[in-house]
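Visitor: Okay, handing you the structure first.
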Amino acid sequence: MAVDALAAATRSRHAQLVGIGGPLTIPFHILSDWPDDPNGHMNNVSLVGHGNWRIGTSDKAMAIRHEAHYAAYKADHFSADYEDAMSDLDFQFGCHTALTLETSGSTRLALLRTRREGACDSDTLERFALLARQAERAFRVQLALGEQAAELMLAGVEGRGEATMLLDRTGQICGMSAAAEALLDEQQGLHEEGFAVRLSDNNENQAFGAAMGRLLHGDGVNGPVLHEMVVGRSSDNPGGRWRLIIARLPEIEPGLNFAPTLAVTLRSKGHQNQMVMPVVAAA
């Protein structure tokens, strides 16, 4: 609704809010009016690169970039693929700003204007700048709510020394207990890759990824909500060192994928199975 309102206020048909994470990761993508896209340009991750003059001109958070900046960038970074895609979609004009700009990714708010709408005039840019400031504050609130939810859930396991990680809807880490952080140093334990978590053993990691995919893409009602497996196999521990439990958490409220969605807990194989209900209850 907010993105639709932004489009209407700037007399543009297409307003866009998109999050760009690590390599080829788009955590969320909200568009006020999805275009006719028979060639699948809007879902083509290869267009998220140096040839993309919208991303390429995002060099400073909250700086408004528009057609003049795009033209200057294209002079040195021309991409036929991106140009053809924007021509097919009729998105050659517009403006944007990076609400957040980090080494791990960015969040961009944009107007994607058609040939008929034409380039942004001064009034459009002024309105967009005002609305972008409001959007940035709202985005920060959403981010903080996700972090707060993770802290509340972890509070239920810290007292028991539970090794638990919380993952968001994209499978990225949004919180972890102190015991889980300690396991990152274990040779046969967990490892961080950017904001993702992986297991040392490749076979175990493949099974782990497949299980997370089933849980993340299920609806939490008709699909699976729990997965358990043995991990930490090595020559010294051929039977594995831990039981790993993945639980899908109850839905909190639809947002921008920041709220915890999965709880990943490691317990020594001799630990009695108490599941992860304290974490779920804390939600």
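The way I read the labels, and the way they are meant: chains A, B, ... in the order of the structure tokens, residue 1 as the first residue of every chain, and ligand 1 as the first ligand shown, with later ones counted on from there.
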Enumerate as an MDAnalysis selection string all residues of segment 81-217 of chain A assigned to strand (DSSP E or B) by DSSP on the backbone, naming them with the chain letters and numbers the document uses.

Guide: chainID A and resid 93:102 105:113 163:167 173:176 190:193 196:199

Visitor: Fewer than 3 positions away in the same chain doesn't count, so skip those; otherwise give me all residues within 9 Å of segment 185-189 of chain A, counting only C-alpha atoms, as number ranges by chain.

Guide: A: 181-182, 198-201, 231-234, 241-242

Visitor: Would you save the residues from that selection as a PDB file, in the first residue's frame, using N, CA, C and O atoms?

Guide:
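File out-v6.pdb, as written:
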```
ATOM      1  N   GLU A 181      27.424 -19.281  19.043  1.00  0.00           N
ATOM      2  CA  GLU A 181      28.587 -18.534  18.554  1.00  0.00           C
ATOM      3  C   GLU A 181      29.884 -19.274  18.873  1.00  0.00           C
ATOM      4  O   GLU A 181      30.820 -19.290  18.065  1.00  0.00           O
ATOM      5  N   ALA A 182      29.932 -19.930  20.028  1.00  0.00           N
ATOM      6  CA  ALA A 182      31.129 -20.683  20.409  1.00  0.00           C
ATOM      7  C   ALA A 182      31.354 -21.867  19.478  1.00  0.00           C
ATOM      8  O   ALA A 182      32.496 -22.251  19.205  1.00  0.00           O
ATOM      9  N   ARG A 198      26.573 -22.776   7.417  1.00  0.00           N
ATOM     10  CA  ARG A 198      26.791 -24.048   6.753  1.00  0.00           C
ATOM     11  C   ARG A 198      27.480 -25.007   7.705  1.00  0.00           C
ATOM     12  O   ARG A 198      28.060 -24.598   8.713  1.00  0.00           O
ATOM     13  N   LEU A 199      27.399 -26.292   7.374  1.00  0.00           N
ATOM     14  CA  LEU A 199      28.056 -27.328   8.146  1.00  0.00           C
ATOM     15  C   LEU A 199      29.373 -27.706   7.484  1.00  0.00           C
ATOM     16  O   LEU A 199      29.518 -27.588   6.261  1.00  0.00           O
ATOM     17  N   SER A 200      30.326 -28.168   8.289  1.00  0.00           N
ATOM     18  CA  SER A 200      31.658 -28.474   7.766  1.00  0.00           C
ATOM     19  C   SER A 200      31.640 -29.618   6.761  1.00  0.00           C
ATOM     20  O   SER A 200      32.299 -29.580   5.728  1.00  0.00           O
ATOM     21  N   ASP A 201      30.881 -30.663   7.066  1.00  0.00           N
ATOM     22  CA  ASP A 201      30.802 -31.822   6.189  1.00  0.00           C
ATOM     23  C   ASP A 201      29.880 -31.511   5.001  1.00  0.00           C
ATOM     24  O   ASP A 201      28.727 -31.100   5.193  1.00  0.00           O
ATOM     25  N   VAL A 231      24.809 -34.534  12.990  1.00  0.00           N
ATOM     26  CA  VAL A 231      25.868 -33.823  12.276  1.00  0.00           C
ATOM     27  C   VAL A 231      27.167 -33.913  13.080  1.00  0.00           C
ATOM     28  O   VAL A 231      27.177 -34.379  14.217  1.00  0.00           O
ATOM     29  N   GLY A 232      28.248 -33.434  12.462  1.00  0.00           N
ATOM     30  CA  GLY A 232      29.542 -33.424  13.134  1.00  0.00           C
ATOM     31  C   GLY A 232      30.298 -34.733  12.973  1.00  0.00           C
ATOM     32  O   GLY A 232      31.091 -35.114  13.840  1.00  0.00           O
ATOM     33  N   ARG A 233      30.062 -35.417  11.848  1.00  0.00           N
ATOM     34  CA  ARG A 233      30.785 -36.668  11.618  1.00  0.00           C
ATOM     35  C   ARG A 233      32.238 -36.394  11.255  1.00  0.00           C
ATOM     36  O   ARG A 233      32.552 -35.437  10.559  1.00  0.00           O
ATOM     37  N   SER A 234      33.116 -37.253  11.730  1.00  0.00           N
ATOM     38  CA  SER A 234      34.545 -37.163  11.425  1.00  0.00           C
ATOM     39  C   SER A 234      35.151 -38.542  11.642  1.00  0.00           C
ATOM     40  O   SER A 234      34.463 -39.480  12.076  1.00  0.00           O
ATOM     41  N   ARG A 241      28.654 -35.841  16.269  1.00  0.00           N
ATOM     42  CA  ARG A 241      28.797 -35.272  17.616  1.00  0.00           C
ATOM     43  C   ARG A 241      27.501 -34.661  18.144  1.00  0.00           C
ATOM     44  O   ARG A 241      27.296 -34.580  19.352  1.00  0.00           O
ATOM     45  N   TRP A 242      26.643 -34.174  17.231  1.00  0.00           N
ATOM     46  CA  TRP A 242      25.461 -33.438  17.677  1.00  0.00           C
ATOM     47  C   TRP A 242      24.200 -33.921  16.976  1.00  0.00           C
ATOM     48  O   TRP A 242      24.249 -34.486  15.882  1.00  0.00           O
TER      49      TRP A 242
END
```

Visitor: Quick one: everything within 7 Å of segment 31-36 of chain A, counting only C-alpha atoms, minus sequence neighbours fewer than 2 positions away in the same chain. Send it as a ChimeraX atom specification.

Guide: /A:3-4,7,13-17,29,38,89

Visitor: Give the answer as one residue: which of A:Asp84, A:Asp59, A:Asp76, A:Asp90 has the shortest atom-to-atom distance to Leu47 of chain A, using only C-alpha atoms?

Guide: A:Asp84

Visitor: I want to know what sits within 9 Å of Leu101 of chain A, based on only C-alpha atoms, with residues of the same chain fewer than 4 positions away left out; could you give that as a VMD selection string?

Guide: chain A and resid 58 to 62 105 to 108

Visitor: Find the residues around Glu147 of chain A up to 12 Å (only C-alpha atoms counted), leave out those fewer than 4 positions away in its own chain, and share them as an mmCIF file with all heavy atoms, in the first residue's frame.

Guide:
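The file below, result20.cif, is the result:
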```cif
data_model
loop_
_atom_site.group_PDB
_atom_site.id
_atom_site.type_symbol
_atom_site.label_atom_id
_atom_site.label_comp_id
_atom_site.auth_asym_id
_atom_site.auth_seq_id
_atom_site.Cartn_x
_atom_site.Cartn_y
_atom_site.Cartn_z
ATOM 1 N N ARG A 140 13.784 1.399 8.729
ATOM 2 C CA ARG A 140 14.570 1.194 9.943
ATOM 3 C C ARG A 140 13.714 0.596 11.053
ATOM 4 O O ARG A 140 14.185 -0.228 11.847
ATOM 5 C CB ARG A 140 15.167 2.518 10.406
ATOM 6 C CG ARG A 140 16.178 3.134 9.442
ATOM 7 C CD ARG A 140 17.462 2.354 9.412
ATOM 8 N NE ARG A 140 18.474 3.005 8.558
ATOM 9 C CZ ARG A 140 19.653 2.477 8.294
ATOM 10 N NH1 ARG A 140 19.983 1.304 8.799
ATOM 11 N NH2 ARG A 140 20.511 3.110 7.510
ATOM 12 N N VAL A 141 12.458 1.002 11.118
ATOM 13 C CA VAL A 141 11.544 0.448 12.125
ATOM 14 C C VAL A 141 11.330 -1.036 11.859
ATOM 15 O O VAL A 141 11.355 -1.864 12.782
ATOM 16 C CB VAL A 141 10.202 1.204 12.124
ATOM 17 C CG1 VAL A 141 9.170 0.472 12.976
ATOM 18 C CG2 VAL A 141 10.395 2.621 12.665
ATOM 19 N N GLN A 142 11.096 -1.419 10.590
ATOM 20 C CA GLN A 142 10.913 -2.825 10.251
ATOM 21 C C GLN A 142 12.140 -3.644 10.626
ATOM 22 O O GLN A 142 12.038 -4.747 11.161
ATOM 23 C CB GLN A 142 10.648 -2.961 8.753
ATOM 24 C CG GLN A 142 9.246 -2.580 8.323
ATOM 25 C CD GLN A 142 8.229 -3.644 8.704
ATOM 26 O OE1 GLN A 142 8.544 -4.829 8.744
ATOM 27 N NE2 GLN A 142 7.019 -3.217 9.002
ATOM 28 N N LEU A 143 13.318 -3.098 10.353
ATOM 29 C CA LEU A 143 14.562 -3.784 10.681
ATOM 30 C C LEU A 143 14.693 -3.968 12.186
ATOM 31 O O LEU A 143 15.060 -5.043 12.675
ATOM 32 C CB LEU A 143 15.747 -2.991 10.137
ATOM 33 C CG LEU A 143 17.142 -3.599 10.287
ATOM 34 C CD1 LEU A 143 17.209 -4.944 9.579
ATOM 35 C CD2 LEU A 143 18.199 -2.656 9.757
ATOM 36 N N GLU A 151 15.847 -11.119 19.536
ATOM 37 C CA GLU A 151 16.346 -11.006 20.913
ATOM 38 C C GLU A 151 15.382 -11.642 21.908
ATOM 39 O O GLU A 151 15.800 -12.325 22.857
ATOM 40 C CB GLU A 151 16.571 -9.534 21.256
ATOM 41 C CG GLU A 151 17.740 -8.901 20.497
ATOM 42 C CD GLU A 151 17.853 -7.409 20.756
ATOM 43 O OE1 GLU A 151 17.007 -6.891 21.518
ATOM 44 O OE2 GLU A 151 18.767 -6.781 20.203
ATOM 45 N N LEU A 152 14.085 -11.440 21.718
ATOM 46 C CA LEU A 152 13.096 -12.014 22.626
ATOM 47 C C LEU A 152 13.106 -13.536 22.560
ATOM 48 O O LEU A 152 12.996 -14.222 23.580
ATOM 49 C CB LEU A 152 11.699 -11.480 22.281
ATOM 50 C CG LEU A 152 11.442 -10.012 22.630
ATOM 51 C CD1 LEU A 152 10.097 -9.568 22.065
ATOM 52 C CD2 LEU A 152 11.475 -9.801 24.139
ATOM 53 N N MET A 153 13.253 -14.075 21.355
ATOM 54 C CA MET A 153 13.273 -15.524 21.213
ATOM 55 C C MET A 153 14.526 -16.133 21.834
ATOM 56 O O MET A 153 14.466 -17.173 22.500
ATOM 57 C CB MET A 153 13.191 -15.900 19.734
ATOM 58 C CG MET A 153 11.857 -15.581 19.096
ATOM 59 S SD MET A 153 11.831 -16.052 17.344
ATOM 60 C CE MET A 153 10.243 -15.362 16.865
ATOM 61 N N LEU A 154 15.668 -15.493 21.639
ATOM 62 C CA LEU A 154 16.920 -16.026 22.182
ATOM 63 C C LEU A 154 16.972 -15.942 23.701
ATOM 64 O O LEU A 154 17.681 -16.712 24.353
ATOM 65 C CB LEU A 154 18.111 -15.277 21.572
ATOM 66 C CG LEU A 154 18.406 -15.597 20.103
ATOM 67 C CD1 LEU A 154 19.500 -14.692 19.574
ATOM 68 C CD2 LEU A 154 18.809 -17.064 19.949
ATOM 69 N N LEU A 166 18.968 -18.259 14.869
ATOM 70 C CA LEU A 166 17.704 -17.893 14.253
ATOM 71 C C LEU A 166 17.971 -17.410 12.833
ATOM 72 O O LEU A 166 18.877 -16.606 12.597
ATOM 73 C CB LEU A 166 17.014 -16.794 15.058
ATOM 74 C CG LEU A 166 16.686 -17.141 16.516
ATOM 75 C CD1 LEU A 166 16.027 -15.960 17.204
ATOM 76 C CD2 LEU A 166 15.797 -18.376 16.607
ATOM 77 N N LEU A 167 17.192 -17.913 11.891
ATOM 78 C CA LEU A 167 17.337 -17.556 10.488
ATOM 79 C C LEU A 167 16.075 -16.872 9.993
ATOM 80 O O LEU A 167 14.963 -17.202 10.422
ATOM 81 C CB LEU A 167 17.605 -18.808 9.638
ATOM 82 C CG LEU A 167 18.713 -19.763 10.100
ATOM 83 C CD1 LEU A 167 18.849 -20.917 9.119
ATOM 84 C CD2 LEU A 167 20.029 -19.032 10.275
ATOM 85 N N ASP A 168 16.250 -15.915 9.076
ATOM 86 C CA ASP A 168 15.086 -15.219 8.531
ATOM 87 C C ASP A 168 14.521 -15.981 7.337
ATOM 88 O O ASP A 168 14.930 -17.100 7.033
ATOM 89 C CB ASP A 168 15.443 -13.770 8.162
ATOM 90 C CG ASP A 168 16.514 -13.683 7.078
ATOM 91 O OD1 ASP A 168 16.705 -14.665 6.329
ATOM 92 O OD2 ASP A 168 17.160 -12.628 6.983
ATOM 93 N N ILE A 173 21.278 -15.529 8.844
ATOM 94 C CA ILE A 173 21.305 -15.430 10.301
ATOM 95 C C ILE A 173 20.783 -14.068 10.757
ATOM 96 O O ILE A 173 21.228 -13.032 10.293
ATOM 97 C CB ILE A 173 22.739 -15.621 10.827
ATOM 98 C CG1 ILE A 173 23.273 -17.002 10.437
ATOM 99 C CG2 ILE A 173 22.788 -15.463 12.347
ATOM 100 C CD1 ILE A 173 24.761 -17.184 10.706
ATOM 101 N N CYS A 174 19.835 -14.087 11.686
ATOM 102 C CA CYS A 174 19.364 -12.828 12.267
ATOM 103 C C CYS A 174 19.569 -12.801 13.778
ATOM 104 O O CYS A 174 19.204 -11.829 14.437
ATOM 105 C CB CYS A 174 17.898 -12.571 11.913
ATOM 106 S SG CYS A 174 16.731 -13.864 12.404
ATOM 107 N N GLY A 175 20.151 -13.857 14.334
ATOM 108 C CA GLY A 175 20.464 -13.863 15.759
ATOM 109 C C GLY A 175 21.033 -15.209 16.159
ATOM 110 O O GLY A 175 20.777 -16.224 15.503
ATOM 111 N N MET A 176 21.833 -15.229 17.226
ATOM 112 C CA MET A 176 22.368 -16.492 17.730
ATOM 113 C C MET A 176 22.684 -16.373 19.211
ATOM 114 O O MET A 176 22.974 -15.279 19.716
ATOM 115 C CB MET A 176 23.611 -16.919 16.945
ATOM 116 C CG MET A 176 24.870 -16.116 17.214
ATOM 117 S SD MET A 176 26.326 -16.795 16.348
ATOM 118 C CE MET A 176 25.959 -16.298 14.659
ATOM 119 N N ASN A 257 10.941 -9.739 5.531
ATOM 120 C CA ASN A 257 11.812 -10.915 5.676
ATOM 121 C C ASN A 257 12.842 -10.792 6.788
ATOM 122 O O ASN A 257 13.803 -11.555 6.821
ATOM 123 C CB ASN A 257 12.543 -11.226 4.360
ATOM 124 C CG ASN A 257 11.608 -11.672 3.268
ATOM 125 O OD1 ASN A 257 10.538 -12.191 3.548
ATOM 126 N ND2 ASN A 257 11.992 -11.479 2.030
ATOM 127 N N PHE A 258 12.696 -9.843 7.717
ATOM 128 C CA PHE A 258 13.680 -9.674 8.774
ATOM 129 C C PHE A 258 13.351 -10.506 10.013
ATOM 130 O O PHE A 258 14.227 -10.784 10.819
ATOM 131 C CB PHE A 258 13.792 -8.204 9.186
ATOM 132 C CG PHE A 258 14.207 -7.300 8.065
ATOM 133 C CD1 PHE A 258 13.574 -6.093 7.863
ATOM 134 C CD2 PHE A 258 15.221 -7.670 7.207
ATOM 135 C CE1 PHE A 258 13.951 -5.257 6.827
ATOM 136 C CE2 PHE A 258 15.605 -6.850 6.168
ATOM 137 C CZ PHE A 258 14.969 -5.638 5.981
ATOM 138 N N ALA A 259 12.096 -10.869 10.198
ATOM 139 C CA ALA A 259 11.707 -11.593 11.406
ATOM 140 C C ALA A 259 12.228 -13.028 11.367
ATOM 141 O O ALA A 259 12.334 -13.635 10.303
ATOM 142 C CB ALA A 259 10.185 -11.602 11.545
ATOM 143 N N PRO A 260 12.589 -13.590 12.518
ATOM 144 C CA PRO A 260 13.066 -14.977 12.557
ATOM 145 C C PRO A 260 12.005 -15.940 12.031
ATOM 146 O O PRO A 260 10.827 -15.830 12.378
ATOM 147 C CB PRO A 260 13.325 -15.211 14.042
ATOM 148 C CG PRO A 260 13.527 -13.849 14.623
ATOM 149 C CD PRO A 260 12.620 -12.956 13.839
#
```

Visitor: So which residues touch Asn52 of chain A within 12 Å, counting only C-alpha atoms, skipping near sequence neighbours fewer than 3 positions away, as a short mmCIF file (atom, residue, chain, number, x, y, z; two decimals) with all heavy atoms, in the first residue's frame?

Guide:
```cif
data_model
loop_
_atom_site.label_atom_id
_atom_site.label_comp_id
_atom_site.auth_asym_id
_atom_site.auth_seq_id
_atom_site.Cartn_x
_atom_site.Cartn_y
_atom_site.Cartn_z
N ASN A 44 15.64 -11.71 -13.47
CA ASN A 44 16.94 -12.09 -14.01
C ASN A 44 18.05 -11.51 -13.14
O ASN A 44 18.37 -10.32 -13.24
CB ASN A 44 17.07 -11.60 -15.46
CG ASN A 44 18.34 -12.08 -16.14
OD1 ASN A 44 19.20 -12.69 -15.50
ND2 ASN A 44 18.47 -11.79 -17.41
N VAL A 45 18.65 -12.34 -12.32
CA VAL A 45 19.66 -11.84 -11.37
C VAL A 45 20.93 -11.39 -12.08
O VAL A 45 21.74 -10.66 -11.51
CB VAL A 45 20.00 -12.92 -10.32
CG1 VAL A 45 18.81 -13.18 -9.41
CG2 VAL A 45 20.46 -14.21 -10.98
N SER A 46 21.13 -11.81 -13.33
CA SER A 46 22.33 -11.37 -14.05
C SER A 46 22.29 -9.89 -14.38
O SER A 46 23.33 -9.29 -14.71
CB SER A 46 22.50 -12.18 -15.34
OG SER A 46 21.48 -11.87 -16.28
N LEU A 47 21.11 -9.28 -14.27
CA LEU A 47 21.00 -7.84 -14.52
C LEU A 47 21.33 -7.01 -13.28
O LEU A 47 21.33 -5.78 -13.34
CB LEU A 47 19.58 -7.50 -15.01
CG LEU A 47 19.16 -8.17 -16.32
CD1 LEU A 47 17.71 -7.81 -16.66
CD2 LEU A 47 20.09 -7.76 -17.46
N VAL A 48 21.59 -7.68 -12.16
CA VAL A 48 21.99 -6.99 -10.92
C VAL A 48 23.51 -6.95 -10.89
O VAL A 48 24.17 -7.70 -10.18
CB VAL A 48 21.42 -7.70 -9.68
CG1 VAL A 48 21.77 -6.92 -8.41
CG2 VAL A 48 19.92 -7.87 -9.79
N GLY A 49 24.09 -6.06 -11.69
CA GLY A 49 25.55 -5.99 -11.78
C GLY A 49 26.01 -4.61 -12.20
O GLY A 49 25.25 -3.63 -12.14
N ILE A 55 21.76 0.59 -9.97
CA ILE A 55 22.61 0.11 -8.89
C ILE A 55 23.97 0.80 -8.94
O ILE A 55 24.55 1.17 -7.92
CB ILE A 55 22.77 -1.41 -8.96
CG1 ILE A 55 21.42 -2.09 -8.70
CG2 ILE A 55 23.82 -1.90 -7.95
CD1 ILE A 55 21.45 -3.58 -8.82
N GLY A 56 24.51 0.98 -10.16
CA GLY A 56 25.84 1.57 -10.31
C GLY A 56 25.96 2.98 -9.80
O GLY A 56 27.03 3.41 -9.36
N THR A 57 24.86 3.74 -9.82
CA THR A 57 24.91 5.12 -9.34
C THR A 57 24.53 5.24 -7.87
O THR A 57 24.48 6.35 -7.33
CB THR A 57 23.98 6.02 -10.18
OG1 THR A 57 22.67 5.44 -10.22
CG2 THR A 57 24.51 6.16 -11.60
N SER A 58 24.26 4.10 -7.22
CA SER A 58 23.95 4.11 -5.78
C SER A 58 25.24 4.12 -4.99
O SER A 58 25.68 3.11 -4.44
CB SER A 58 23.11 2.88 -5.41
OG SER A 58 21.87 2.89 -6.07
N TYR A 70 22.23 8.65 -14.59
CA TYR A 70 22.23 7.42 -15.36
C TYR A 70 23.01 7.60 -16.66
O TYR A 70 23.80 6.73 -17.06
CB TYR A 70 20.80 6.98 -15.68
CG TYR A 70 19.92 6.76 -14.48
CD1 TYR A 70 18.53 6.81 -14.58
CD2 TYR A 70 20.46 6.49 -13.22
CE1 TYR A 70 17.71 6.59 -13.49
CE2 TYR A 70 19.65 6.27 -12.12
CZ TYR A 70 18.27 6.33 -12.26
OH TYR A 70 17.45 6.13 -11.18
N ALA A 71 22.80 8.73 -17.33
CA ALA A 71 23.48 8.98 -18.61
C ALA A 71 24.99 9.04 -18.42
O ALA A 71 25.76 8.50 -19.22
CB ALA A 71 22.96 10.27 -19.22
N TYR A 73 26.73 7.61 -16.05
CA TYR A 73 27.23 6.28 -15.71
C TYR A 73 27.31 5.40 -16.95
O TYR A 73 28.28 4.66 -17.15
CB TYR A 73 26.32 5.64 -14.66
CG TYR A 73 26.81 4.31 -14.15
CD1 TYR A 73 27.72 4.23 -13.11
CD2 TYR A 73 26.37 3.12 -14.74
CE1 TYR A 73 28.18 3.02 -12.64
CE2 TYR A 73 26.83 1.89 -14.28
CZ TYR A 73 27.73 1.84 -13.23
OH TYR A 73 28.19 0.63 -12.78
N LYS A 74 26.30 5.47 -17.80
CA LYS A 74 26.26 4.63 -19.00
C LYS A 74 27.39 4.94 -19.96
O LYS A 74 27.81 4.08 -20.75
CB LYS A 74 24.91 4.78 -19.70
CG LYS A 74 23.78 4.06 -19.00
CD LYS A 74 22.51 4.05 -19.83
CE LYS A 74 21.79 5.38 -19.80
NZ LYS A 74 20.48 5.29 -20.49
N ASP A 76 30.42 5.16 -19.35
CA ASP A 76 31.58 4.33 -19.01
C ASP A 76 31.24 2.89 -18.70
O ASP A 76 32.13 2.04 -18.61
CB ASP A 76 32.32 4.93 -17.81
CG ASP A 76 32.91 6.30 -18.10
OD1 ASP A 76 33.40 6.50 -19.22
OD2 ASP A 76 32.86 7.15 -17.20
N HIS A 77 29.94 2.58 -18.51
CA HIS A 77 29.55 1.23 -18.10
C HIS A 77 28.35 0.74 -18.92
O HIS A 77 27.38 0.22 -18.37
CB HIS A 77 29.18 1.20 -16.60
CG HIS A 77 30.24 1.71 -15.69
ND1 HIS A 77 30.38 3.05 -15.39
CD2 HIS A 77 31.22 1.06 -15.01
CE1 HIS A 77 31.40 3.21 -14.55
NE2 HIS A 77 31.92 2.02 -14.31
N PHE A 78 28.42 0.89 -20.22
CA PHE A 78 27.28 0.52 -21.06
C PHE A 78 27.08 -0.99 -21.06
O PHE A 78 28.03 -1.77 -21.19
CB PHE A 78 27.48 1.00 -22.49
CG PHE A 78 26.31 0.68 -23.39
CD1 PHE A 78 25.18 1.48 -23.36
CD2 PHE A 78 26.33 -0.42 -24.23
CE1 PHE A 78 24.09 1.19 -24.17
CE2 PHE A 78 25.25 -0.73 -25.04
CZ PHE A 78 24.14 0.08 -25.01
N SER A 79 25.84 -1.42 -20.90
CA SER A 79 25.48 -2.84 -20.93
C SER A 79 24.31 -3.03 -21.88
O SER A 79 23.21 -2.55 -21.61
CB SER A 79 25.12 -3.34 -19.53
OG SER A 79 24.51 -4.61 -19.59
N ALA A 80 24.55 -3.72 -22.98
CA ALA A 80 23.48 -3.97 -23.95
C ALA A 80 22.36 -4.80 -23.32
O ALA A 80 21.18 -4.58 -23.62
CB ALA A 80 24.04 -4.67 -25.18
N ASP A 81 22.73 -5.74 -22.45
CA ASP A 81 21.71 -6.59 -21.83
C ASP A 81 20.76 -5.76 -20.97
O ASP A 81 19.53 -5.94 -21.04
CB ASP A 81 22.38 -7.66 -20.96
CG ASP A 81 23.10 -8.72 -21.79
OD1 ASP A 81 22.81 -8.82 -23.00
OD2 ASP A 81 23.95 -9.43 -21.23
N TYR A 82 21.32 -4.87 -20.14
CA TYR A 82 20.46 -4.06 -19.28
C TYR A 82 19.65 -3.06 -20.10
O TYR A 82 18.46 -2.84 -19.83
CB TYR A 82 21.30 -3.34 -18.22
CG TYR A 82 20.43 -2.70 -17.15
CD1 TYR A 82 19.75 -3.48 -16.24
CD2 TYR A 82 20.30 -1.31 -17.06
CE1 TYR A 82 18.95 -2.92 -15.26
CE2 TYR A 82 19.51 -0.74 -16.09
CZ TYR A 82 18.83 -1.55 -15.18
OH TYR A 82 18.02 -0.97 -14.22
N GLU A 83 20.27 -2.48 -21.13
CA GLU A 83 19.56 -1.52 -21.98
C GLU A 83 18.39 -2.21 -22.68
O GLU A 83 17.28 -1.66 -22.76
CB GLU A 83 20.51 -0.93 -23.01
CG GLU A 83 21.50 0.06 -22.44
CD GLU A 83 20.83 1.31 -21.88
OE1 GLU A 83 19.85 1.79 -22.48
OE2 GLU A 83 21.26 1.77 -20.82
N ASP A 84 18.62 -3.40 -23.20
CA ASP A 84 17.55 -4.13 -23.89
C ASP A 84 16.42 -4.48 -22.92
O ASP A 84 15.23 -4.39 -23.28
CB ASP A 84 18.11 -5.41 -24.52
CG ASP A 84 19.02 -5.14 -25.70
OD1 ASP A 84 19.00 -4.00 -26.21
OD2 ASP A 84 19.76 -6.06 -26.10
N ALA A 85 16.80 -4.87 -21.69
CA ALA A 85 15.78 -5.21 -20.70
C ALA A 85 14.92 -4.00 -20.35
O ALA A 85 13.69 -4.08 -20.28
CB ALA A 85 16.45 -5.77 -19.44
N MET A 86 15.57 -2.84 -20.14
CA MET A 86 14.81 -1.63 -19.80
C MET A 86 13.95 -1.16 -20.97
O MET A 86 12.86 -0.62 -20.78
CB MET A 86 15.77 -0.52 -19.37
CG MET A 86 16.50 -0.79 -18.06
SD MET A 86 15.36 -1.11 -16.65
CE MET A 86 15.40 -2.93 -16.60
N GLN A 92 13.03 3.22 -19.15
CA GLN A 92 14.26 3.97 -19.41
C GLN A 92 14.42 5.20 -18.53
O GLN A 92 15.52 5.74 -18.41
CB GLN A 92 14.32 4.42 -20.87
CG GLN A 92 14.46 3.29 -21.87
CD GLN A 92 13.11 2.89 -22.43
OE1 GLN A 92 12.10 2.98 -21.76
NE2 GLN A 92 13.10 2.45 -23.67
#
```

Visitor: Which is closer to Ala179 of chain A than all the others in A:Ala98, A:Val157, A:Met212, A:Ala9, using only C-alpha atoms?

Guide: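 Going through A:Ala98, A:Val157, A:Met212, A:Ala9 one by one, the smallest distance to Ala179 of chain A is for A:Val157.
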
Visitor: Could you check the closest approach to Arg113 of chain A for each of A:Glu67, A:Glu126, A:Glu162, A:Glu136 and tell me which residue wins, using only C-alpha atoms?

Guide: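 Residue with the minimum atom-to-atom distance to Arg113 of chain A: A:Glu67.
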
Visitor: Measuring between only C-alpha atoms, which one of A:Ala149, A:Arg11, A:Val225, A:Gly171 shows the shortest distance to Gly209 of chain A?

Guide: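 Looking at the shortest contact to Gly209 of chain A, the residue is A:Gly171.
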
Visitor: Could you pull out the helix (DSSP H, G or I) residues of segment 68-225 of chain A from DSSP and send them as a PyMOL selection string?

Guide: chain A and resi 68-74+80-89+122-158+178-183+202-217

Visitor: Interatomic distance between atom CA of Ala144 of chain A and atom CA of Val264 of chain A?

Guide: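 Separation between atom CA of Ala144 of chain A and atom CA of Val264 of chain A: 21.5 Å.
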
Visitor: Compare A:Leu6, A:Ile20, A:Ala68, A:Ala163 by their minimum atom-to-atom distance to Arg127 of chain A, counting only C-alpha atoms, and give me the closest one.

Guide: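 Ranking A:Leu6, A:Ile20, A:Ala68, A:Ala163 by distance to Arg127 of chain A, first place goes to A:Leu6.
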
Visitor: Here is a test: counting only C-alpha atoms, which residue of A:His227, A:Leu244, A:Thr261, A:Asn202 is nearest to Gly146 of chain A?

Guide: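 Among the listed residues, the smallest separation from Gly146 of chain A belongs to A:Thr261.
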